[in-house]
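Single-structure report; data block below.
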Amino acid sequence: MKNIQAILFSLFILSFFVGCGGSKTGLADVSEGDTPDWFLNTPQDPNYLFAARSSTSQDMQFAIDKAATDGRAEIGRQVETKVQALQKKFDEETGMGKDAQLLQMFTSASKTVVSTSLSGSRIAKQKIAKESGVFRAYVLIEYPVGATNAALVDQIKKNEQMYTRFRASQTFDELQKEADKYDEFKKGEGK
């Protein structure tokens with residue numbers, strides 16, 4: 001009987017060590033202290049826009065991609081944002097005196113749309129951890145402000161070029177109409 005108890009106890013201890021042996025990926029489970037400082041305190045630099053984001057997935061690369069996409073969307077919101085918002089408030093008081101009840105309802109909804117080009121954005125830092133059996137990716141996306149300014153200048157130039165082409169086209173159309181009128185006038189003189 002003592003041999004069976006010793007074997008069961010040994011199996012229990014062995015299973016405990018196997019269960020606590022860590023993850024096969026070499027990544028430790030994440031805890032609050034494992035969150036990168038750059039994630040909690042996003043860097044500030046006058047030459048860059050930054051966005052720190054985190055995401056999870058059963059696939060490590062997908063977790064990174066999701067976090068990077070969220071980071072780029074945040075930078076896009078910093079650069080150019082269209083916001084639609086709707087707020088509703090309703091107050092109603094029923095009853096009188098001490099029996100009165102004030103009923104209030106407040107509803108808020110908003111939609112943010114971002115559409116901009118972020119060429120030059122990149123993952124500046126990343127950290128991967130395991131969390132409850134899935135991968136957690138922390139990423140820091142950086143976007144050079146100079147690229148933002150260059151994109152704005154390019155857009156202005158394109159708009160100026162389009163406007164100039166439009167005005168030139170309009171002017172040539174007006175000249176053509178005047179030339180056609182003159183041709184009609186000349187034909188009328190010859191009759």
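Just so we're on the same page: first chain in the structure tokens is A, next is B, and so on; residues restart at 1 for each chain, and ligands are numbered from 1 in the order they show up.
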
Which residues of segment 55-106 of chain A have any atom within 12 Å of an atom in segment 39-51 of chain A when counting only C-alpha atoms, and what is the closest pair of atoms for each, with the distance in Å to one decimal? Order the rows by chain and rising number and write it as a Markdown table.
| residue | atom | partner | partner_atom | distance |
| --- | --- | --- | --- | --- |
| A:Ala67 | CA | A:Ala51 | CA | 10.0 |
| A:Ala68 | CA | A:Ala51 | CA | 9.1 |
| A:Thr69 | CA | A:Ala51 | CA | 10.4 |
| A:Asp70 | CA | A:Ala51 | CA | 8.6 |
| A:Gly71 | CA | A:Ala51 | CA | 5.1 |
| A:Arg72 | CA | A:Ala51 | CA | 7.3 |
| A:Ala73 | CA | A:Ala51 | CA | 8.9 |
| A:Glu74 | CA | A:Ala51 | CA | 6.2 |
| A:Ile75 | CA | A:Ala51 | CA | 6.2 |
| A:Gly76 | CA | A:Leu49 | CA | 9.7 |
| A:Arg77 | CA | A:Ala51 | CA | 10.3 |
| A:Gln78 | CA | A:Leu49 | CA | 8.0 |
| A:Val79 | CA | A:Leu49 | CA | 8.8 |

Shortest interatomic distance to Phe106 of chain A - which of A:Leu86, A:Ala129, A:Ala179, A:Ala63, counting only C-alpha atoms
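Closest to Phe106 of chain A of all the choices is A:Leu86.
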
Give me the residues near Ile123 of chain A as a PyMOL selection string, where near means some atom within 8 Å (using only C-alpha atoms) and where sequence neighbours in that chain fewer than 3 positions away do not count.
chain A and resi 68+126+139-142
